[in-house]
Each structure stands twice: as C-alpha cells, then as structure tokens.
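Structure file my_file17.cif with mmCIF, C-alpha atoms:
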```
data_my_file
loop_
_atom_site.group_PDB
_atom_site.id
_atom_site.type_symbol
_atom_site.label_atom_id
_atom_site.label_comp_id
_atom_site.auth_asym_id
_atom_site.auth_seq_id
_atom_site.Cartn_x
_atom_site.Cartn_y
_atom_site.Cartn_z
ATOM 1 C CA MET A 8 145.029 61.204 256.411
ATOM 2 C CA LYS A 9 147.299 63.981 255.258
ATOM 3 C CA ASP A 10 150.341 61.876 256.180
ATOM 4 C CA ASN A 11 148.985 58.977 254.132
ATOM 5 C CA LYS A 12 148.587 61.216 251.075
ATOM 6 C CA ILE A 13 152.155 62.456 251.406
ATOM 7 C CA TYR A 14 153.371 58.890 251.929
ATOM 8 C CA VAL A 15 151.455 57.622 248.872
ATOM 9 C CA LYS A 16 152.699 60.565 246.810
ATOM 10 C CA GLN A 17 156.328 59.760 247.707
ATOM 11 C CA ILE A 18 155.810 56.103 246.814
ATOM 12 C CA LEU A 19 154.290 57.067 243.470
ATOM 13 C CA ILE A 20 157.224 59.382 242.731
ATOM 14 C CA GLN A 21 159.676 56.576 243.545
ATOM 15 C CA LEU A 22 157.691 54.131 241.376
ATOM 16 C CA HIS A 23 157.747 56.613 238.511
ATOM 17 C CA MET A 24 161.510 57.097 238.878
ATOM 18 C CA THR A 25 162.067 53.321 239.028
ATOM 19 C CA ASN A 26 159.870 52.839 235.969
ATOM 20 C CA THR A 27 161.861 55.492 234.087
ATOM 21 C CA SER A 28 165.155 53.815 235.075
ATOM 22 C CA ASN A 29 163.851 50.403 234.036
ATOM 23 C CA THR A 30 162.737 51.788 230.678
ATOM 24 C CA LYS A 31 166.224 53.205 230.092
ATOM 25 C CA ILE A 32 167.816 49.854 231.006
ATOM 26 C CA VAL A 33 165.481 47.952 228.675
ATOM 27 C CA ASN A 34 166.241 50.375 225.825
ATOM 28 C CA ALA A 35 169.991 50.015 226.444
ATOM 29 C CA ILE A 36 169.678 46.212 226.336
ATOM 30 C CA LYS A 37 167.680 46.445 223.095
ATOM 31 C CA ASN A 38 170.432 48.598 221.553
ATOM 32 C CA LEU A 39 173.128 46.159 222.679
ATOM 33 C CA ASP A 40 171.104 43.260 221.290
ATOM 34 C CA GLN A 41 170.833 45.027 217.932
ATOM 35 C CA LYS A 42 174.589 45.639 217.899
ATOM 36 C CA VAL A 43 175.305 41.996 218.715
ATOM 37 C CA GLN A 44 172.958 40.916 215.918
ATOM 38 C CA ILE A 45 174.775 43.193 213.465
ATOM 39 C CA ILE A 46 178.149 41.784 214.536
ATOM 40 C CA MET A 47 176.875 38.217 214.240
ATOM 41 C CA ILE A 48 175.546 38.868 210.745
ATOM 42 C CA SER A 49 178.723 40.812 209.966
ATOM 43 C CA ASP A 50 179.723 41.494 206.433
ATOM 44 C CA SER A 51 182.942 40.208 204.930
ATOM 45 C CA ARG A 52 184.961 43.286 205.878
ATOM 46 C CA ILE A 53 184.528 42.555 209.566
ATOM 47 C CA LYS A 54 184.917 38.779 209.199
ATOM 48 C CA SER A 55 188.499 39.083 207.970
ATOM 49 C CA LEU A 56 189.458 41.186 210.987
ATOM 50 C CA ALA A 57 188.107 38.598 213.396
ATOM 51 C CA LEU A 58 190.470 35.835 212.254
ATOM 52 C CA PRO A 59 193.999 35.502 213.624
ATOM 53 C CA ILE A 60 196.998 35.138 211.337
ATOM 54 C CA PRO A 61 197.313 31.475 210.338
ATOM 55 C CA THR A 62 200.417 29.571 211.429
ATOM 56 C CA LEU A 63 201.350 26.295 209.793
ATOM 57 C CA PRO A 64 201.169 23.377 212.252
ATOM 58 C CA THR A 65 204.628 22.003 213.081
ATOM 59 C CA ALA A 66 203.950 18.555 211.628
ATOM 60 C CA PHE A 67 203.312 20.079 208.189
ATOM 61 C CA ILE A 68 206.294 22.432 207.904
ATOM 62 C CA ASN A 69 208.128 21.808 204.597
ATOM 63 C CA LEU A 70 205.293 19.518 203.439
ATOM 64 C CA LEU A 71 202.710 22.101 202.373
ATOM 65 C CA PRO A 72 202.029 22.666 199.617
ATOM 66 C CA ALA A 73 202.869 19.110 198.544
ATOM 67 C CA LYS A 74 205.408 19.080 195.727
ATOM 68 C CA SER A 75 205.450 15.319 195.080
ATOM 69 C CA ILE A 76 203.205 12.274 195.413
ATOM 70 C CA GLU A 77 205.516 11.034 198.184
ATOM 71 C CA GLU A 78 204.766 14.201 200.161
ATOM 72 C CA VAL A 79 201.027 13.644 199.620
ATOM 73 C CA ASP A 80 201.419 10.096 200.941
ATOM 74 C CA LEU A 81 203.385 11.402 203.929
ATOM 75 C CA LEU A 82 200.665 13.997 204.634
ATOM 76 C CA GLU A 83 198.038 11.269 204.442
ATOM 77 C CA SER A 84 199.997 9.117 206.898
ATOM 78 C CA LEU A 85 200.340 12.069 209.309
ATOM 79 C CA LEU A 86 196.568 12.570 209.142
ATOM 80 C CA SER A 87 195.867 8.841 209.551
ATOM 81 C CA ASP A 88 198.362 8.174 212.362
ATOM 82 C CA GLU A 89 196.658 6.506 215.318
ATOM 83 C CA THR A 90 198.487 8.555 217.943
ATOM 84 C CA ASP A 91 198.470 12.086 216.489
ATOM 85 C CA GLY A 92 196.162 11.739 213.486
ATOM 86 C CA LEU A 93 193.126 13.513 214.956
ATOM 87 C CA LYS A 94 195.277 16.274 216.447
ATOM 88 C CA ASN A 95 196.985 16.790 213.079
ATOM 89 C CA GLN A 96 193.619 16.830 211.300
ATOM 90 C CA GLU A 97 192.230 19.480 213.655
ATOM 91 C CA GLU A 98 195.364 21.628 213.393
ATOM 92 C CA LEU A 99 195.380 21.460 209.593
ATOM 93 C CA LYS A 100 191.630 22.134 209.391
ATOM 94 C CA THR A 101 192.076 25.213 211.594
ATOM 95 C CA TYR A 102 195.017 26.367 209.495
ATOM 96 C CA VAL A 103 193.104 25.961 206.217
ATOM 97 C CA TYR A 104 190.045 27.703 207.663
ATOM 98 C CA MET A 105 192.137 30.653 208.827
ATOM 99 C CA LYS A 106 193.702 30.897 205.357
ATOM 100 C CA VAL A 107 190.343 30.952 203.543
ATOM 101 C CA GLY A 108 187.836 32.148 206.152
ATOM 102 C CA SER A 109 188.064 35.791 205.158
ATOM 103 C CA ILE A 110 187.701 35.212 201.411
ATOM 104 C CA ASN A 111 184.394 36.567 200.114
ATOM 105 C CA SER A 112 183.943 34.230 197.160
ATOM 106 C CA PHE A 113 183.113 30.599 197.914
ATOM 107 C CA SER A 114 184.805 29.449 194.692
ATOM 108 C CA ALA A 115 187.952 31.421 195.503
ATOM 109 C CA ALA A 116 187.983 29.943 199.022
ATOM 110 C CA ILE A 117 187.818 26.409 197.589
ATOM 111 C CA ARG A 118 190.678 27.101 195.183
ATOM 112 C CA GLN A 119 192.785 28.730 197.916
ATOM 113 C CA ALA A 120 192.188 25.783 200.279
ATOM 114 C CA ILE A 121 193.397 23.350 197.618
ATOM 115 C CA ASP A 122 196.359 25.587 196.702
ATOM 116 C CA THR A 123 197.353 25.595 200.365
ATOM 117 C CA CYS A 124 198.058 21.861 200.180
ATOM 118 C CA PHE A 125 198.980 21.099 196.547
ATOM 119 C CA ILE A 126 200.979 22.557 193.711
ATOM 120 C CA TYR A 127 199.282 22.279 190.292
ATOM 121 C CA LYS A 128 201.661 19.592 189.060
ATOM 122 C CA ILE A 129 200.673 17.236 191.895
ATOM 123 C CA LEU A 130 197.012 18.200 191.783
ATOM 124 C CA SER A 131 196.949 17.214 188.109
ATOM 125 C CA THR A 132 197.727 13.595 189.099
ATOM 126 C CA PHE A 133 194.271 13.321 190.707
ATOM 127 C CA SER A 134 190.736 13.117 189.433
ATOM 128 C CA TYR A 135 187.844 14.119 191.649
ATOM 129 C CA LYS A 136 186.212 10.716 192.131
ATOM 130 C CA GLY A 137 189.141 8.585 190.991
ATOM 131 C CA LYS A 138 187.675 7.211 187.767
ATOM 132 C CA THR A 139 190.714 8.016 185.639
ATOM 133 C CA LYS A 140 193.458 8.813 188.176
ATOM 134 C CA ARG A 141 193.982 8.638 191.919
ATOM 135 C CA GLY A 142 190.770 9.714 193.701
ATOM 136 C CA PHE A 143 190.855 13.142 195.345
ATOM 137 C CA VAL A 144 187.750 12.518 197.470
ATOM 138 C CA ASN A 145 189.445 9.456 198.989
ATOM 139 C CA LEU A 146 192.180 11.602 200.558
ATOM 140 C CA LYS A 147 192.129 12.668 204.197
ATOM 141 C CA LEU A 148 193.116 16.082 202.835
ATOM 142 C CA PHE A 149 189.761 16.237 201.041
ATOM 143 C CA SER A 150 187.940 15.719 204.348
ATOM 144 C CA ILE A 151 190.051 18.563 205.786
ATOM 145 C CA PHE A 152 188.954 20.915 202.974
ATOM 146 C CA TYR A 153 185.381 19.780 203.310
ATOM 147 C CA ALA A 154 185.330 20.445 207.062
ATOM 148 C CA ALA A 155 187.259 23.734 206.825
ATOM 149 C CA LEU A 156 184.817 25.081 204.235
ATOM 150 C CA SER A 157 181.683 23.904 206.050
ATOM 151 C CA GLY A 158 180.820 27.464 207.080
ATOM 152 C CA PHE A 159 180.454 28.426 203.418
ATOM 153 C CA ARG A 160 178.052 25.562 202.637
ATOM 154 C CA THR A 161 174.766 26.873 203.997
ATOM 155 C CA ASP A 162 172.314 25.099 201.707
ATOM 156 C CA LYS A 163 172.015 22.319 199.135
ATOM 157 C CA GLN A 164 173.017 24.630 196.265
ATOM 158 C CA LYS A 165 176.259 25.582 198.031
ATOM 159 C CA GLU A 166 176.980 21.879 198.575
ATOM 160 C CA ILE A 167 176.589 21.263 194.837
ATOM 161 C CA THR A 168 178.757 24.310 194.110
ATOM 162 C CA PHE A 169 181.469 22.944 196.408
ATOM 163 C CA HIS A 170 181.650 19.633 194.547
ATOM 164 C CA ASN A 171 181.431 21.245 191.086
ATOM 165 C CA VAL A 172 184.136 23.845 191.743
ATOM 166 C CA THR A 173 186.455 21.300 193.362
ATOM 167 C CA ASP A 174 185.991 18.842 190.489
ATOM 168 C CA ASN A 175 186.490 21.584 187.909
ATOM 169 C CA TYR A 176 189.617 22.939 189.604
ATOM 170 C CA ILE A 177 191.216 19.499 189.781
ATOM 171 C CA ARG A 178 190.229 18.700 186.194
ATOM 172 C CA HIS A 179 191.831 21.913 184.910
ATOM 173 C CA SER A 180 194.966 21.746 187.068
ATOM 174 C CA GLY A 181 196.820 20.105 184.149
ATOM 175 C CA PHE A 182 196.052 23.181 182.062
ATOM 176 C CA LEU A 183 197.377 25.376 184.868
ATOM 177 C CA VAL A 184 200.612 23.333 184.930
ATOM 178 C CA SER A 185 201.142 23.834 181.186
ATOM 179 C CA LYS A 186 200.349 27.519 181.624
ATOM 180 C CA GLU A 187 202.984 27.793 184.406
ATOM 181 C CA ILE A 188 205.553 26.008 182.240
ATOM 182 C CA SER A 189 204.914 28.193 179.193
ATOM 183 C CA SER A 190 205.103 31.402 181.264
ATOM 184 C CA SER A 191 208.361 30.316 182.917
ATOM 185 C CA VAL A 192 209.913 29.547 179.499
ATOM 186 C CA LEU A 193 209.146 33.057 178.283
#
```
As structure tokens, how would this structure be written, given the file I've shared?
Amino acid sequence: MKDNKIYVKQILIQLHMTNTSNTKIVNAIKNLDQKVQIIMISDSRIKSLALPIPTLPTAFINLLPAKSIEEVDLLESLLSDETDGLKNQEELKTYVYMKVGSINSFSAAIRQAIDTCFIYKILSTFSYKGKTKRGFVNLKLFSIFYAALSGFRTDKQKEITFHNVTDNYIRHSGFLVSKEISSSVL
C-alpha cells in the first residue's frame, strides 16, 4: 500500500513536470505564430528589405525603357514569340515587380512600372484604350504591368484606381514630354 502511494506520487510528479513542459512548448509556439503573423502582415519598411535587387533580363538589355516605336514593337515580338515568349513575359514581370514591389504608394508603383518600359515621348504616342492613338491596353507590356502590380490590387476600388491612374498617366505623358523639353532648353 505504501509502495503504491509512493509510486502514484512519483507518477503525479512526472505528469506535473510533463504538463509544465507542454505548457511552455505551447506558449513558445504561440509566440512564434504571432511573430510569423506580424512578418506576414509586415509594413512597407520590411517589405522593401525582402526583395532582391532587380536585374534586367538579358533579352531586354538596351530595349528598356523603349525609346522608339520600333523598340516597342520589338519588345512586343519578344513577348509574343512562340518559343521564348512566356519565359520573357515571366522574366519581365518579375523584373517590374522587383522594381516597384517596395514602393508604398500604389499610384507611384504604377507610374514607376510604366517608366521602367517607356520614355515619355513614346508613351505619349498611346492612348489607354486606343480610341485616339495606338491602344496601350492591347500591348503585351500592359499585361506585364497588370500582372506585376496584382499584389497592390486587393479590392474593386484598387482595380478602378489602377485603370484610372494608368489612363491619367498616359494621357498626361505628352505634357511631361513638353516639360522635359522646356527644362532641357533652359
């Protein structure tokens, strides 16, 4: 009887110690989970540190930003090519995302993505939907911007903002060209 009490007492002590250890493990996992959640939500200061330095894909060296309509057509053909077209699209999308992924402002990210591929003079030869000039939304480059900026578009309002800012930026690119010319003359 006495041996049973000692045996039961030892088992209870071991159970208590195991319970204490398990509680510590559960608390440690909770803390790690909270830290992971904070990192996943991460603010913009951390987001920029998580992205590697962008390197221009080989196929696009000396073509970006496009300085002539011929270069735009060449870029489009590289993105449409049956053999390497998808590879080129993915490489360019990754490059554009790495260039704009750390920018806090959605509007600034859109403008930077477009500036990565066009100079103002060439951008001014386009209209957003192509009613008055060559259609920007018909370009493969547009689909690259759209895909690269998909992380910014989290709801319907952001989708509308994307189209409005892009349209506005293209519409006013002619003004930016004249502004560049007048500042270079001075």
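Among A:Lys163, A:Ser112, A:Val172, A:Lys147, the residue with the shortest atom-to-atom distance to A:Cys124, counting only C-alpha atoms, is A:Lys147.
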Which residue out of A:Lys42, A:Ser28, A:Ser87, A:Glu98 has the minimum interatomic distance to A:Ala66 when all atoms listed in the file are used? A:Glu98
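Shortest atom-to-atom contact with A:Gly142 among A:Val103, A:Leu130, A:Asp10, A:Lys165: A:Leu130, counting all atoms listed in the file.
Nearest-residue note for A:Arg178: choosing from A:Leu148, A:Val15, A:Ala73, A:Ile129, the minimum distance belongs to A:Ile129, counting all atoms listed in the file.
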Padding 5 Å on every side, please: axis-aligned box over the listed atoms of stretch 118-123 of chain A, centre and edge lengths to one decimal in Å, as JSON.
```
{"center_x": 194.0, "center_y": 26.0, "center_z": 197.8, "size_x": 16.7, "size_y": 15.4, "size_z": 15.2}
```
Test item: which residues lie within 12 Å of (189.0, 27.2, 206.9) counting all atoms listed in the file, as a ChimeraX atom specification: /A:55,58-59,61,97-110,113,116-121,123,150-160
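Between A:Phe149 and the residues A:Thr173, A:Thr90, A:Thr65, A:Asn95, the shortest atom-to-atom distance, using all atoms listed in the file, involves A:Thr173.
Atom to atom, atom CA of A:Gln164 and atom CA of A:Ser180 stand 24.0 Å apart.
Residues of protein, DNA and RNA with at least one atom no farther than 12 Å from (193.6, 8.4, 200.0) are, using only C-alpha atoms, Ile76, Val79, Asp80, Leu81, Leu82, Glu83, Ser84, Leu86, Ser87, Phe133, Ser134, Tyr135, Lys136, Gly137, Lys140, Arg141, Gly142, Phe143, Val144, Asn145, Leu146, Lys147, Leu148, Phe149 and Ser150 of chain A.
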Those same residues, written as a compact mmCIF listing (two decimals), in the coordinates of the input with C-alpha atoms?
```
# COMPACT_ATOMS: atom_id res chain seq x y z
CA ILE A 76 203.20 12.27 195.41
CA VAL A 79 201.03 13.64 199.62
CA ASP A 80 201.42 10.10 200.94
CA LEU A 81 203.38 11.40 203.93
CA LEU A 82 200.66 14.00 204.63
CA GLU A 83 198.04 11.27 204.44
CA SER A 84 200.00 9.12 206.90
CA LEU A 86 196.57 12.57 209.14
CA SER A 87 195.87 8.84 209.55
CA PHE A 133 194.27 13.32 190.71
CA SER A 134 190.74 13.12 189.43
CA TYR A 135 187.84 14.12 191.65
CA LYS A 136 186.21 10.72 192.13
CA GLY A 137 189.14 8.59 190.99
CA LYS A 140 193.46 8.81 188.18
CA ARG A 141 193.98 8.64 191.92
CA GLY A 142 190.77 9.71 193.70
CA PHE A 143 190.86 13.14 195.34
CA VAL A 144 187.75 12.52 197.47
CA ASN A 145 189.44 9.46 198.99
CA LEU A 146 192.18 11.60 200.56
CA LYS A 147 192.13 12.67 204.20
CA LEU A 148 193.12 16.08 202.84
CA PHE A 149 189.76 16.24 201.04
CA SER A 150 187.94 15.72 204.35
```
Which is closer to A:Thr132 than all the others in A:Ser75, A:Gln96, A:Gln21, A:Thr30, using all atoms listed in the file? A:Ser75
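Rounded to one decimal, atom CA of A:Ile126 and atom CA of A:Leu71 lie 8.8 Å from each other.
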I'd like the interatomic distance between atom CA of A:His170 and atom CA of A:Phe125, to a tenth of an Å. 17.5 Å
Since the input has fewer atoms than a full residue there, write stretch 143-162 of chain A out with N, CA, C and O atoms, as a PDB file, in the coordinates of the input.
```pdb
ATOM      1  N   PHE A 143     190.659  12.017 194.427  1.00  0.00           N
ATOM      2  CA  PHE A 143     190.855  13.142 195.345  1.00  0.00           C
ATOM      3  C   PHE A 143     189.936  13.035 196.564  1.00  0.00           C
ATOM      4  O   PHE A 143     190.351  13.328 197.671  1.00  0.00           O
ATOM      5  N   VAL A 144     188.701  12.598 196.355  1.00  0.00           N
ATOM      6  CA  VAL A 144     187.750  12.518 197.470  1.00  0.00           C
ATOM      7  C   VAL A 144     188.124  11.423 198.462  1.00  0.00           C
ATOM      8  O   VAL A 144     187.613  11.411 199.587  1.00  0.00           O
ATOM      9  N   ASN A 145     189.013  10.521 198.083  1.00  0.00           N
ATOM     10  CA  ASN A 145     189.445   9.456 198.989  1.00  0.00           C
ATOM     11  C   ASN A 145     190.551   9.905 199.934  1.00  0.00           C
ATOM     12  O   ASN A 145     190.908   9.177 200.853  1.00  0.00           O
ATOM     13  N   LEU A 146     191.095  11.093 199.717  1.00  0.00           N
ATOM     14  CA  LEU A 146     192.180  11.602 200.558  1.00  0.00           C
ATOM     15  C   LEU A 146     191.647  12.156 201.877  1.00  0.00           C
ATOM     16  O   LEU A 146     190.562  12.736 201.926  1.00  0.00           O
ATOM     17  N   LYS A 147     192.439  12.013 202.917  1.00  0.00           N
ATOM     18  CA  LYS A 147     192.129  12.668 204.197  1.00  0.00           C
ATOM     19  C   LYS A 147     192.172  14.182 204.008  1.00  0.00           C
ATOM     20  O   LYS A 147     191.437  14.912 204.657  1.00  0.00           O
ATOM     21  N   LEU A 148     193.031  14.645 203.111  1.00  0.00           N
ATOM     22  CA  LEU A 148     193.116  16.082 202.835  1.00  0.00           C
ATOM     23  C   LEU A 148     191.786  16.617 202.308  1.00  0.00           C
ATOM     24  O   LEU A 148     191.408  17.746 202.610  1.00  0.00           O
ATOM     25  N   PHE A 149     191.076  15.810 201.525  1.00  0.00           N
ATOM     26  CA  PHE A 149     189.761  16.237 201.041  1.00  0.00           C
ATOM     27  C   PHE A 149     188.819  16.461 202.222  1.00  0.00           C
ATOM     28  O   PHE A 149     188.088  17.452 202.256  1.00  0.00           O
ATOM     29  N   SER A 150     188.829  15.549 203.182  1.00  0.00           N
ATOM     30  CA  SER A 150     187.940  15.719 204.348  1.00  0.00           C
ATOM     31  C   SER A 150     188.320  16.961 205.144  1.00  0.00           C
ATOM     32  O   SER A 150     187.457  17.611 205.746  1.00  0.00           O
ATOM     33  N   ILE A 151     189.604  17.329 205.123  1.00  0.00           N
ATOM     34  CA  ILE A 151     190.051  18.563 205.786  1.00  0.00           C
ATOM     35  C   ILE A 151     189.456  19.775 205.077  1.00  0.00           C
ATOM     36  O   ILE A 151     188.911  20.677 205.710  1.00  0.00           O
ATOM     37  N   PHE A 152     189.541  19.803 203.733  1.00  0.00           N
ATOM     38  CA  PHE A 152     188.954  20.915 202.974  1.00  0.00           C
ATOM     39  C   PHE A 152     187.460  20.996 203.222  1.00  0.00           C
ATOM     40  O   PHE A 152     186.910  22.074 203.427  1.00  0.00           O
ATOM     41  N   TYR A 153     186.839  19.848 203.159  1.00  0.00           N
ATOM     42  CA  TYR A 153     185.381  19.780 203.310  1.00  0.00           C
ATOM     43  C   TYR A 153     184.957  20.355 204.662  1.00  0.00           C
ATOM     44  O   TYR A 153     184.026  21.152 204.742  1.00  0.00           O
ATOM     45  N   ALA A 154     185.664  19.954 205.721  1.00  0.00           N
ATOM     46  CA  ALA A 154     185.330  20.445 207.062  1.00  0.00           C
ATOM     47  C   ALA A 154     185.684  21.928 207.223  1.00  0.00           C
ATOM     48  O   ALA A 154     184.917  22.697 207.812  1.00  0.00           O
ATOM     49  N   ALA A 155     186.829  22.335 206.685  1.00  0.00           N
ATOM     50  CA  ALA A 155     187.259  23.734 206.825  1.00  0.00           C
ATOM     51  C   ALA A 155     186.322  24.693 206.099  1.00  0.00           C
ATOM     52  O   ALA A 155     186.140  25.832 206.524  1.00  0.00           O
ATOM     53  N   LEU A 156     185.709  24.228 205.028  1.00  0.00           N
ATOM     54  CA  LEU A 156     184.817  25.081 204.235  1.00  0.00           C
ATOM     55  C   LEU A 156     183.344  24.887 204.591  1.00  0.00           C
ATOM     56  O   LEU A 156     182.462  25.378 203.900  1.00  0.00           O
ATOM     57  N   SER A 157     183.072  24.197 205.677  1.00  0.00           N
ATOM     58  CA  SER A 157     181.683  23.904 206.050  1.00  0.00           C
ATOM     59  C   SER A 157     180.873  25.170 206.333  1.00  0.00           C
ATOM     60  O   SER A 157     179.674  25.195 206.101  1.00  0.00           O
ATOM     61  N   GLY A 158     181.527  26.213 206.809  1.00  0.00           N
ATOM     62  CA  GLY A 158     180.820  27.464 207.080  1.00  0.00           C
ATOM     63  C   GLY A 158     180.299  28.147 205.831  1.00  0.00           C
ATOM     64  O   GLY A 158     179.358  28.938 205.885  1.00  0.00           O
ATOM     65  N   PHE A 159     180.894  27.845 204.687  1.00  0.00           N
ATOM     66  CA  PHE A 159     180.454  28.426 203.418  1.00  0.00           C
ATOM     67  C   PHE A 159     179.240  27.683 202.852  1.00  0.00           C
ATOM     68  O   PHE A 159     178.470  28.237 202.098  1.00  0.00           O
ATOM     69  N   ARG A 160     179.127  26.394 203.198  1.00  0.00           N
ATOM     70  CA  ARG A 160     178.052  25.562 202.637  1.00  0.00           C
ATOM     71  C   ARG A 160     176.814  25.681 203.522  1.00  0.00           C
ATOM     72  O   ARG A 160     176.643  24.939 204.481  1.00  0.00           O
ATOM     73  N   THR A 161     175.940  26.597 203.172  1.00  0.00           N
ATOM     74  CA  THR A 161     174.766  26.873 203.997  1.00  0.00           C
ATOM     75  C   THR A 161     173.491  26.230 203.478  1.00  0.00           C
ATOM     76  O   THR A 161     172.502  26.188 204.192  1.00  0.00           O
ATOM     77  N   ASP A 162     173.513  25.744 202.258  1.00  0.00           N
ATOM     78  CA  ASP A 162     172.314  25.099 201.707  1.00  0.00           C
ATOM     79  C   ASP A 162     172.735  24.070 200.649  1.00  0.00           C
ATOM     80  O   ASP A 162     173.915  23.885 200.379  1.00  0.00           O
TER      81      ASP A 162
END
```
